[in-house]
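Novice: Contents of entry_10.txt (compact mmCIF, C-alpha atoms and all ligand atoms) are given next:
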```
# COMPACT_ATOMS: atom_id res chain seq x y z
CA MET A 1 0.00 0.00 0.00
CA THR A 2 1.32 3.41 -0.82
CA ALA A 3 0.95 6.43 1.40
CA PRO A 4 1.28 10.11 0.44
CA TRP A 5 4.58 10.49 2.36
CA ASP A 6 6.19 7.79 0.22
CA ASP A 7 6.54 10.51 -2.41
CA TRP A 8 7.49 13.40 -0.13
CA ASN A 9 10.94 14.90 0.36
CA HIS A 10 10.06 17.98 2.36
CA VAL A 11 7.50 19.04 4.94
CA LEU A 12 6.97 22.45 6.48
CA LYS A 13 5.86 22.49 10.09
CA ILE A 14 3.90 25.61 10.91
CA ASP A 15 3.53 26.44 14.59
CA PRO A 16 0.18 28.17 15.26
CA ASP A 17 1.71 29.82 18.34
CA LYS A 18 4.38 31.61 16.26
CA ASP A 19 4.08 34.51 13.82
CA LEU A 20 5.31 34.60 10.24
CA PRO A 21 8.08 37.07 9.37
CA GLU A 22 6.98 40.58 8.44
CA GLY A 23 5.41 40.69 4.97
CA VAL A 24 5.14 36.89 4.58
CA THR A 25 1.66 35.40 4.11
CA TYR A 26 0.41 31.83 4.55
CA GLY A 27 -0.08 31.87 0.79
CA ASP A 28 3.67 32.51 0.36
CA ILE A 29 4.41 29.67 2.78
CA CYS A 30 2.19 27.29 0.81
CA ALA A 31 3.92 28.26 -2.44
CA THR A 32 7.46 27.31 -1.34
CA GLY A 33 7.32 23.95 -3.14
CA THR A 34 7.08 21.93 0.07
CA ASP A 35 5.27 18.60 -0.30
CA ALA A 36 2.99 19.09 2.69
CA ILE A 37 2.31 21.31 5.67
CA GLU A 38 2.01 19.96 9.18
CA VAL A 39 0.32 22.33 11.61
CA GLY A 40 1.52 21.82 15.16
CA GLY A 41 3.83 22.73 18.03
CA THR A 42 4.36 21.83 21.64
CA MET A 43 3.46 24.87 23.74
CA GLY A 44 0.68 27.43 23.37
CA ILE A 45 -1.47 25.33 21.04
CA THR A 46 -5.24 25.87 21.11
CA GLU A 47 -8.15 24.83 18.91
CA GLU A 48 -8.50 28.49 17.92
CA ASN A 49 -4.94 29.05 16.73
CA MET A 50 -4.94 25.67 14.96
CA GLN A 51 -8.16 26.61 13.19
CA ALA A 52 -6.77 30.00 12.17
CA VAL A 53 -3.69 28.51 10.47
CA VAL A 54 -5.69 25.79 8.70
CA ASP A 55 -8.18 28.45 7.52
CA ALA A 56 -5.33 30.59 6.20
CA CYS A 57 -3.74 27.68 4.29
CA ALA A 58 -7.01 26.09 3.15
CA GLU A 59 -7.38 27.91 -0.15
CA HIS A 60 -3.84 27.10 -1.28
CA ASP A 61 -2.84 24.01 -3.16
CA VAL A 62 -0.73 22.04 -0.67
CA PRO A 63 -1.70 18.98 1.39
CA LEU A 64 -2.47 19.99 4.97
CA TYR A 65 -2.13 17.78 8.02
CA GLN A 66 -2.76 18.54 11.64
CA GLU A 67 -0.18 17.37 14.18
CA PRO A 68 -1.96 17.82 17.51
CA SER A 69 0.04 17.96 20.74
CA SER A 70 -2.97 16.79 22.77
CA PRO A 71 -6.47 15.40 22.14
CA ASP A 72 -8.19 18.67 23.08
CA VAL A 73 -6.69 20.64 20.16
CA VAL A 74 -7.76 18.21 17.42
CA ILE A 75 -9.96 20.06 14.94
CA GLU A 76 -12.19 19.00 12.10
CA HIS A 77 -11.70 20.93 8.89
CA ASP A 78 -12.56 20.12 5.28
CA ALA A 79 -9.13 21.33 4.18
CA LEU A 80 -7.26 18.75 6.28
CA GLU A 81 -5.99 15.65 4.45
CA GLY A 82 -5.53 13.96 7.78
CA TYR A 83 -3.94 13.74 11.19
CA LEU A 84 -0.35 12.88 12.05
CA ILE A 85 -0.32 11.89 15.70
CA PRO A 86 2.94 11.76 17.65
CA THR A 87 3.77 8.88 19.95
CA VAL A 88 7.08 9.40 21.74
CA PHE A 89 9.03 6.14 21.94
CA ASN A 90 11.63 7.50 24.39
CA ALA A 91 9.15 9.45 26.57
CA GLY A 92 9.57 9.31 30.34
CA SER A 93 5.93 8.40 30.87
CA PRO A 94 3.67 5.98 29.01
CA PHE A 95 1.18 8.84 28.81
CA TRP A 96 3.08 10.16 25.75
CA ILE A 97 3.35 6.70 24.19
CA THR A 98 -0.22 5.42 24.52
CA GLY A 99 -1.97 7.28 27.37
CA ALA A 100 -2.94 10.46 25.53
CA HIS A 101 -4.08 8.30 22.63
CA LYS A 102 -6.27 6.18 24.89
CA GLU A 103 -7.89 9.37 26.20
CA TRP A 104 -8.45 10.61 22.64
CA VAL A 105 -10.15 7.36 21.62
CA ARG A 106 -12.26 7.44 24.79
CA ILE A 107 -13.55 10.98 24.28
CA ASP A 108 -13.87 11.01 20.47
CA ASP A 109 -16.17 8.23 19.36
CA GLY A 110 -16.18 9.46 15.77
CA LEU A 111 -12.42 9.28 15.42
CA ASP A 112 -11.51 9.09 11.75
CA TRP A 113 -8.98 6.24 11.72
CA ASP A 114 -8.79 6.23 7.93
CA ARG A 115 -7.28 9.70 8.02
CA THR A 116 -5.08 9.12 11.08
CA THR A 117 -1.45 7.98 11.05
CA LEU A 118 0.96 7.75 13.96
CA GLU A 119 4.46 9.19 13.90
CA ALA A 120 6.92 7.22 16.06
CA TYR A 121 8.99 10.03 17.55
CA ILE A 122 12.51 9.62 18.86
CA VAL A 123 13.22 12.92 20.64
CA MET A 124 16.91 13.85 20.69
CA ASN A 125 17.36 17.48 21.83
CA PRO A 126 17.04 17.62 25.64
CA ASP A 127 16.59 21.42 25.48
CA ALA A 128 13.53 21.32 23.21
CA ASP A 129 10.09 21.94 24.69
CA VAL A 130 8.97 18.59 23.38
CA ALA A 131 11.75 16.84 25.36
CA THR A 132 10.90 18.52 28.68
CA TYR A 133 7.17 18.14 28.07
CA THR A 134 7.43 14.38 27.49
CA GLU A 135 10.41 13.88 29.87
CA ALA A 136 12.20 12.17 27.03
CA ASP A 137 15.40 10.22 27.62
CA CYS A 138 17.61 11.88 25.01
CA ASP A 139 20.78 10.15 26.14
CA LEU A 140 20.81 7.79 23.18
CA ASN A 141 23.65 6.67 20.93
CA ALA A 142 23.44 5.57 17.30
CA ASP A 143 22.74 1.94 18.21
CA ASP A 144 19.92 2.96 20.57
CA VAL A 145 18.33 5.11 17.87
CA ALA A 146 18.63 2.40 15.22
CA ALA A 147 17.05 -0.08 17.64
CA TYR A 148 14.16 2.26 18.51
CA ALA A 149 13.54 2.77 14.79
CA GLU A 150 13.50 -0.99 14.21
CA VAL A 151 11.20 -1.57 17.21
CA ALA A 152 8.85 1.13 15.92
CA GLU A 153 8.56 -0.52 12.52
CA ARG A 154 8.80 -4.22 13.34
CA MET A 155 7.14 -4.45 16.75
CA PHE A 156 4.61 -1.66 16.46
CA GLY A 157 4.02 -1.51 12.70
CA GLN A 158 4.73 2.21 12.50
CA GLU A 159 4.69 3.70 9.00
CA ILE A 160 6.52 6.86 10.01
CA VAL A 161 9.57 7.10 12.26
CA TYR A 162 10.34 10.71 13.21
CA LEU A 163 13.84 11.59 14.41
CA GLU A 164 13.22 14.86 16.25
CA TYR A 165 16.04 17.31 17.00
CA SER A 166 13.69 20.32 17.16
CA GLY A 167 15.78 23.49 17.57
CA MET A 168 19.19 21.95 16.81
CA LEU A 169 20.79 20.24 13.85
CA GLY A 170 21.20 16.51 14.33
CA ASP A 171 24.23 14.30 14.18
CA GLU A 172 24.65 12.82 10.70
CA GLY A 173 25.83 9.49 12.12
CA ILE A 174 22.67 9.21 14.20
CA VAL A 175 20.42 10.05 11.25
CA GLU A 176 22.24 7.43 9.19
CA ALA A 177 21.73 4.91 12.01
CA ALA A 178 18.01 5.69 12.16
CA ALA A 179 17.78 5.14 8.40
CA GLY A 180 19.52 1.78 8.87
CA GLY A 181 16.93 0.78 11.48
CA VAL A 182 13.96 1.08 9.14
CA ASP A 183 13.10 -0.96 6.11
CA GLU A 184 9.67 0.00 4.76
CA ALA A 185 8.86 2.81 7.19
CA THR A 186 9.37 6.42 6.10
CA LEU A 187 12.04 8.25 8.10
CA PHE A 188 11.22 11.87 8.91
CA TYR A 189 14.01 14.06 10.21
CA GLY A 190 13.38 17.45 11.83
CA GLY A 191 15.49 20.00 13.68
CA GLY A 192 17.77 22.94 13.00
CA ILE A 193 17.61 22.89 9.20
CA HIS A 194 18.51 26.45 8.20
CA ASP A 195 19.97 26.42 4.69
CA TYR A 196 20.74 24.30 1.63
CA ASP A 197 23.72 22.48 3.17
CA SER A 198 22.06 21.52 6.44
CA ALA A 199 18.98 20.36 4.53
CA TYR A 200 21.12 18.31 2.14
CA ALA A 201 23.11 16.74 4.99
CA MET A 202 19.98 15.42 6.70
CA ALA A 203 18.14 14.52 3.48
CA GLN A 204 20.97 12.21 2.43
CA TYR A 205 19.70 9.78 5.06
CA ALA A 206 16.15 10.80 5.88
CA ASP A 207 13.30 10.15 3.45
CA VAL A 208 11.58 13.38 4.43
CA ILE A 209 13.06 16.47 6.07
CA VAL A 210 10.86 18.68 8.24
CA VAL A 211 11.57 22.39 8.42
CA GLY A 212 9.98 24.40 11.23
CA ASP A 213 11.38 27.54 12.82
CA LEU A 214 13.11 28.70 9.63
CA ALA A 215 9.72 29.54 8.11
CA HIS A 216 8.87 31.67 11.14
CA GLU A 217 12.27 33.28 11.50
CA GLU A 218 13.70 33.71 8.00
CA GLY A 219 10.89 33.41 5.50
CA VAL A 220 10.29 31.85 2.15
CA ASP A 221 13.58 32.21 0.28
CA ALA A 222 15.40 30.28 2.99
CA VAL A 223 12.67 27.63 2.97
CA ARG A 224 12.90 27.31 -0.83
CA GLU A 225 16.63 26.49 -0.54
CA THR A 226 15.77 23.60 1.76
CA VAL A 227 13.10 22.34 -0.65
CA GLU A 228 15.71 22.34 -3.41
CA ALA A 229 18.23 20.48 -1.23
CA ALA A 230 15.67 17.84 -0.28
CA ALA A 231 14.97 17.20 -3.96
CA ASP A 232 18.70 17.07 -4.83
CA ALA A 233 19.71 14.69 -2.03
C1 LIG A 301 -3.37 11.61 21.16
C2 LIG A 301 -3.19 12.95 20.61
C3 LIG A 301 -4.25 13.46 19.72
C4 LIG A 301 -2.13 13.72 20.88
C5 LIG A 301 -0.97 13.35 21.72
C6 LIG A 301 0.29 13.50 20.94
C7 LIG A 301 1.54 13.42 21.76
C8 LIG A 301 1.95 12.10 22.30
C9 LIG A 301 2.29 14.56 21.92
C10 LIG A 301 3.58 14.60 22.62
C11 LIG A 301 4.69 15.14 21.74
C12 LIG A 301 4.42 16.50 21.17
C13 LIG A 301 4.13 17.62 22.08
C14 LIG A 301 4.44 16.66 19.83
C15 LIG A 301 4.11 17.95 19.13
C16 LIG A 301 4.88 18.15 17.87
C17 LIG A 301 6.23 18.75 18.07
C18 LIG A 301 7.35 17.89 18.47
C19 LIG A 301 6.42 20.03 17.85
C20 LIG A 301 7.72 20.75 17.97
O1 LIG A 301 7.93 21.07 19.24
P1 LIG A 301 9.04 22.10 19.78
O2 LIG A 301 9.81 22.68 18.66
O3 LIG A 301 9.76 21.41 20.86
O4 LIG A 301 8.13 23.14 20.46
P2 LIG A 301 7.83 24.66 20.16
O5 LIG A 301 8.41 25.00 18.83
O6 LIG A 301 6.32 24.74 20.24
O7 LIG A 301 8.50 25.37 21.28
O1 LIG A 302 11.90 24.03 14.14
P1 LIG A 302 12.97 23.11 13.63
O2 LIG A 302 14.23 23.13 14.46
O3 LIG A 302 13.22 23.30 12.17
O4 LIG A 302 12.40 21.61 13.81
C1 LIG A 302 11.42 21.12 12.94
C2 LIG A 302 10.52 20.09 13.58
O5 LIG A 302 11.12 18.84 13.64
C3 LIG A 302 9.97 20.49 14.92
O6 LIG A 302 9.03 19.56 15.34
MG MG A 303 9.96 24.26 17.44
```
Translate this file's structure into structure tokens.
Ligand SMILES: CC(C)=CCC/C(C)=C/CC/C(C)=C/CC/C(C)=C/COP(=O)(O)OP(=O)(O)O
Ligand SMILES: O=P(O)(O)OC[C@@H](O)CO
Ligand SMILES: [Mg+2]
Specialist:
Amino acid sequence: MTAPWDDWNHVLKIDPDKDLPEGVTYGDICATGTDAIEVGGTMGITEENMQAVVDACAEHDVPLYQEPSSPDVVIEHDALEGYLIPTVFNAGSPFWITGAHKEWVRIDDGLDWDRTTLEAYIVMNPDADVATYTEADCDLNADDVAAYAEVAERMFGQEIVYLEYSGMLGDEGIVEAAAGGVDEATLFYGGGIHDYDSAYAMAQYADVIVVGDLAHEEGVDAVRETVEAAADA
């Protein structure tokens, strides 16, 4: 079975709690050539700010996915292709592995499983909000990361393994190890991508690179460079 992300190289992650640079519109963001937009962040996420970003991107021609940080910010919107739901394999509490998901299933009896896919996160930057929030054990070497990736795919049938360095550029050796741990699963890499070279370095090993803060801090020309690198790698 093929999934949309089998054909992706590049994803933009738009944080509804952050502004765009002066003069940049959501239309500009959607026209960067990225393969898809994920709307999500760790802190300061509400149904209202999620809705506002999806509304602003809705009329533009790019696949839109919501990446909720908790069940209470999940929104329904005709413009959404689907939901990418994190599960944090190296979280300090099972709440972030299955607990939040159990709550979501319990409260939402109309949950649209056909449009829902999990992302098996391995969180690597101890200083990122997502690491403190989920109390992730980021003290992992290349073998640990490769093994988590293999466990995600083989034991838990995960289609997407997400190596998350949010806020810092990852170690190439670790990204290579993660790629070695998966067979069929799609490897997403995110964190610290800020130009062509950093994008290329990560995209050599990852199937899909995710670019976040650059869109909020630098704008569309910088993002376009990373789209180009992802296609070249
Ligand atoms: C069951 C449902 C619907 C949701 C639970 C989903 C889980 C387990 C969330 C925990 C992990 C999490 C908060 C993921 C959000 C996506 C993410 C990693 C965003 C980037 O975060 P940072 O870059 O650290 O945060 P900011 O940029 O917001 O500071
Ligand atoms: O903001 P950056 O560091 O680009 O990280 C992207 C993404 O992986 C965050 O979840
Ligand atoms: Mg971030």
Novice: Mind listing the residues within 6 Å of ligand MG 303 (chain A), only C-alpha atoms and all ligand atoms counted, as a PyMOL selection string?
Specialist: chain A and resi 166-167+213
Novice: Looking at A:Val62, A:Val210, A:Ala152, A:Ile160, which one is nearest to ligand LIG 301 (chain A), with distances taken over all atoms listed in the file?
Specialist: A:Val210
Novice: Quick one: what's the axis-aligned box for ligand LIG 301 (chain A), all listed atoms, 5 Å on every side, centre and edges in Å to one decimal, as AutoDock Vina command-line options?
Specialist:
```
--center_x 2.8 --center_y 18.5 --center_z 20.2 --size_x 24.1 --size_y 23.8 --size_z 14.8
```
Novice: So which one's closest to Leu140 (chain A), A:Ile14, A:Ala230, A:Ile174, A:Val39? Using all atoms listed in the file, please.
Specialist: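 Closest to Leu140 (chain A), using all atoms listed in the file: A:Ile174.
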Novice: Smallest atom-to-atom distance to ligand LIG 302 (chain A): which of A:Pro126, A:Gly41, A:Pro21, A:Pro16, using only C-alpha atoms and all ligand atoms?
Specialist: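 Of A:Pro126, A:Gly41, A:Pro21, A:Pro16, the one nearest ligand LIG 302 (chain A), counting only C-alpha atoms and all ligand atoms, is A:Gly41.
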Novice: Would you list the contacts of Ile37 (chain A) as a compact mmCIF listing (two decimals) with C-alpha atoms, in the coordinates of the input, taking every protein, DNA or RNA residue within 6 Å and counting all atoms listed in the file, but skipping same-chain residues closer than 3 positions in sequence?
Specialist:
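Result file part_12.txt:
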```
# COMPACT_ATOMS: atom_id res chain seq x y z
CA VAL A 11 7.50 19.04 4.94
CA LEU A 12 6.97 22.45 6.48
CA LYS A 13 5.86 22.49 10.09
CA LEU A 64 -2.47 19.99 4.97
```
Novice: Output the neighbourhood of ligand LIG 302 (chain A) as a tab-separated table (two decimals) with C-alpha atoms, in the frame of the given file, that is, all protein and nucleic acid residues with some atom at most 9 Å from the ligand, counting only C-alpha atoms and all ligand atoms.
Specialist:
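Wrote result_25.tsv, looks like this:
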```tsv
chain	number	residue	atom	x	y	z
A	12	LEU	CA	6.97	22.45	6.48
A	13	LYS	CA	5.86	22.49	10.09
A	14	ILE	CA	3.90	25.61	10.91
A	15	ASP	CA	3.53	26.44	14.59
A	40	GLY	CA	1.52	21.82	15.16
A	41	GLY	CA	3.83	22.73	18.03
A	42	THR	CA	4.36	21.83	21.64
A	128	ALA	CA	13.53	21.32	23.21
A	130	VAL	CA	8.97	18.59	23.38
A	162	TYR	CA	10.34	10.71	13.21
A	163	LEU	CA	13.84	11.59	14.41
A	164	GLU	CA	13.22	14.86	16.25
A	165	TYR	CA	16.04	17.31	17.00
A	166	SER	CA	13.69	20.32	17.16
A	167	GLY	CA	15.78	23.49	17.57
A	168	MET	CA	19.19	21.95	16.81
A	169	LEU	CA	20.79	20.24	13.85
A	188	PHE	CA	11.22	11.87	8.91
A	189	TYR	CA	14.01	14.06	10.21
A	190	GLY	CA	13.38	17.45	11.83
A	191	GLY	CA	15.49	20.00	13.68
A	192	GLY	CA	17.77	22.94	13.00
A	193	ILE	CA	17.61	22.89	9.20
A	194	HIS	CA	18.51	26.45	8.20
A	209	ILE	CA	13.06	16.47	6.07
A	210	VAL	CA	10.86	18.68	8.24
A	211	VAL	CA	11.57	22.39	8.42
A	212	GLY	CA	9.98	24.40	11.23
A	213	ASP	CA	11.38	27.54	12.82
A	214	LEU	CA	13.11	28.70	9.63
A	215	ALA	CA	9.72	29.54	8.11
A	216	HIS	CA	8.87	31.67	11.14
```
Novice: Using only C-alpha atoms and all ligand atoms, find each residue of chain A with at least one atom at most 6 Å away from an atom of ligand LIG 301 (chain A); report its shortest atom-to-atom pair and that distance in Å (one decimal), sort the rows by chain and rising residue number, and return the result as a Markdown table.
Specialist:
```
| residue | atom | partner | partner_atom | distance |
| --- | --- | --- | --- | --- |
| A:Gly40 | CA | A:LIG301 | C16 | 5.7 |
| A:Gly41 | CA | A:LIG301 | C19 | 3.7 |
| A:Thr42 | CA | A:LIG301 | O6 | 3.8 |
| A:Met43 | CA | A:LIG301 | O6 | 4.5 |
| A:Pro68 | CA | A:LIG301 | C4 | 5.3 |
| A:Ser69 | CA | A:LIG301 | C9 | 4.2 |
| A:Ser70 | CA | A:LIG301 | C4 | 3.7 |
| A:Pro71 | CA | A:LIG301 | C3 | 3.8 |
| A:Ile85 | CA | A:LIG301 | C6 | 5.5 |
| A:Pro86 | CA | A:LIG301 | C6 | 4.6 |
| A:Thr87 | CA | A:LIG301 | C8 | 4.4 |
| A:Val88 | CA | A:LIG301 | C8 | 5.8 |
| A:Trp96 | CA | A:LIG301 | C8 | 4.1 |
| A:Ile97 | CA | A:LIG301 | C8 | 5.9 |
| A:Ala100 | CA | A:LIG301 | C1 | 4.5 |
| A:His101 | CA | A:LIG301 | C1 | 3.7 |
| A:Trp104 | CA | A:LIG301 | C1 | 5.4 |
| A:Ala128 | CA | A:LIG301 | O3 | 4.4 |
| A:Asp129 | CA | A:LIG301 | O3 | 3.9 |
| A:Val130 | CA | A:LIG301 | O3 | 3.9 |
| A:Ser166 | CA | A:LIG301 | O2 | 4.8 |
```
Novice: Convert the current residue selection to file output with C-alpha atoms, as a CSV table (one decimal), in the frame of the given file.
Specialist:
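So again.csv came out as:
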```
chain,number,residue,atom,x,y,z
A,40,GLY,CA,1.5,21.8,15.2
A,41,GLY,CA,3.8,22.7,18.0
A,42,THR,CA,4.4,21.8,21.6
A,43,MET,CA,3.5,24.9,23.7
A,68,PRO,CA,-2.0,17.8,17.5
A,69,SER,CA,0.0,18.0,20.7
A,70,SER,CA,-3.0,16.8,22.8
A,71,PRO,CA,-6.5,15.4,22.1
A,85,ILE,CA,-0.3,11.9,15.7
A,86,PRO,CA,2.9,11.8,17.6
A,87,THR,CA,3.8,8.9,20.0
A,88,VAL,CA,7.1,9.4,21.7
A,96,TRP,CA,3.1,10.2,25.8
A,97,ILE,CA,3.4,6.7,24.2
A,100,ALA,CA,-2.9,10.5,25.5
A,101,HIS,CA,-4.1,8.3,22.6
A,104,TRP,CA,-8.4,10.6,22.6
A,128,ALA,CA,13.5,21.3,23.2
A,129,ASP,CA,10.1,21.9,24.7
A,130,VAL,CA,9.0,18.6,23.4
A,166,SER,CA,13.7,20.3,17.2
```
Novice: Which residue gives the smallest distance to Ala136 (chain A) among A:Leu187, A:Ala91, A:Met155, A:Ala203, with all atoms listed in the file counted?
Specialist: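 Closest candidate: A:Ala91.
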Novice: Restricting the calculation to all atoms listed in the file, which member of A:Glu22, A:Asp221, A:Asp232, A:Glu119 is positioned closest to Ala185 (chain A)?
Specialist: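 Looking at the shortest contact to Ala185 (chain A), the residue is A:Glu119.
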Novice: One number please: CA of Glu218 (chain A) to CA of Ser198 (chain A), in Å, one decimal.
Specialist: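 For CA of Glu218 (chain A) relative to CA of Ser198 (chain A), the distance reads 14.9 Å.
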Novice: Which neighbours of Asp114 (chain A) fall inside 10 Å, counting only C-alpha atoms, when residues of the same chain fewer than 2 positions from it are skipped, and could you give them as a VMD selection string?
Specialist: chain A and resid 82 to 83 111 to 112 116 to 117
Novice: From the set A:Arg115, A:Arg154, A:Glu159, A:Val208, which residue has the shortest atom-to-atom contact distance to Ala36 (chain A), counting all atoms listed in the file?
Specialist: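 That would be A:Val208, the residue with the smallest distance to Ala36 (chain A).
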Novice: One number please: CA of Arg224 (chain A) to CA of Gly170 (chain A), in Å, one decimal.
Specialist: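 Computed distance, CA of Arg224 (chain A) to CA of Gly170 (chain A), equals 20.4 Å.
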Novice: At what distance in Å, to one decimal, does CA of Thr226 (chain A) lie from CA of Val74 (chain A)?
Specialist: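 CA of Thr226 (chain A) lies at a distance of 28.8 Å from CA of Val74 (chain A).
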Novice: Using only C-alpha atoms, what residues lie at most 9 Å away from (21.3, 24.7, 3.2) (file coordinates), given as a list in words?
Specialist: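 Residues lying no farther than 9 Å from the given point: Ile193, His194, Asp195, Tyr196, Asp197, Ser198, Ala199, Tyr200, Ala201, Ala222, Glu225, Thr226, Glu228 and Ala229 of chain A.
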Novice: If we count only C-alpha atoms, what is near Gly157 (chain A) at a cut-off of 10 Å, once residues fewer than 4 positions away on the same chain are taken out, given as a ChimeraX atom specification?
Specialist: /A:118,120,150-153,184-185
Novice: Quick one: residues within 7 Å of Glu47 (chain A), all atoms listed in the file counted, chain neighbours fewer than 4 positions away excluded, as a PyMOL selection string?
Specialist: chain A and resi 51+73-75
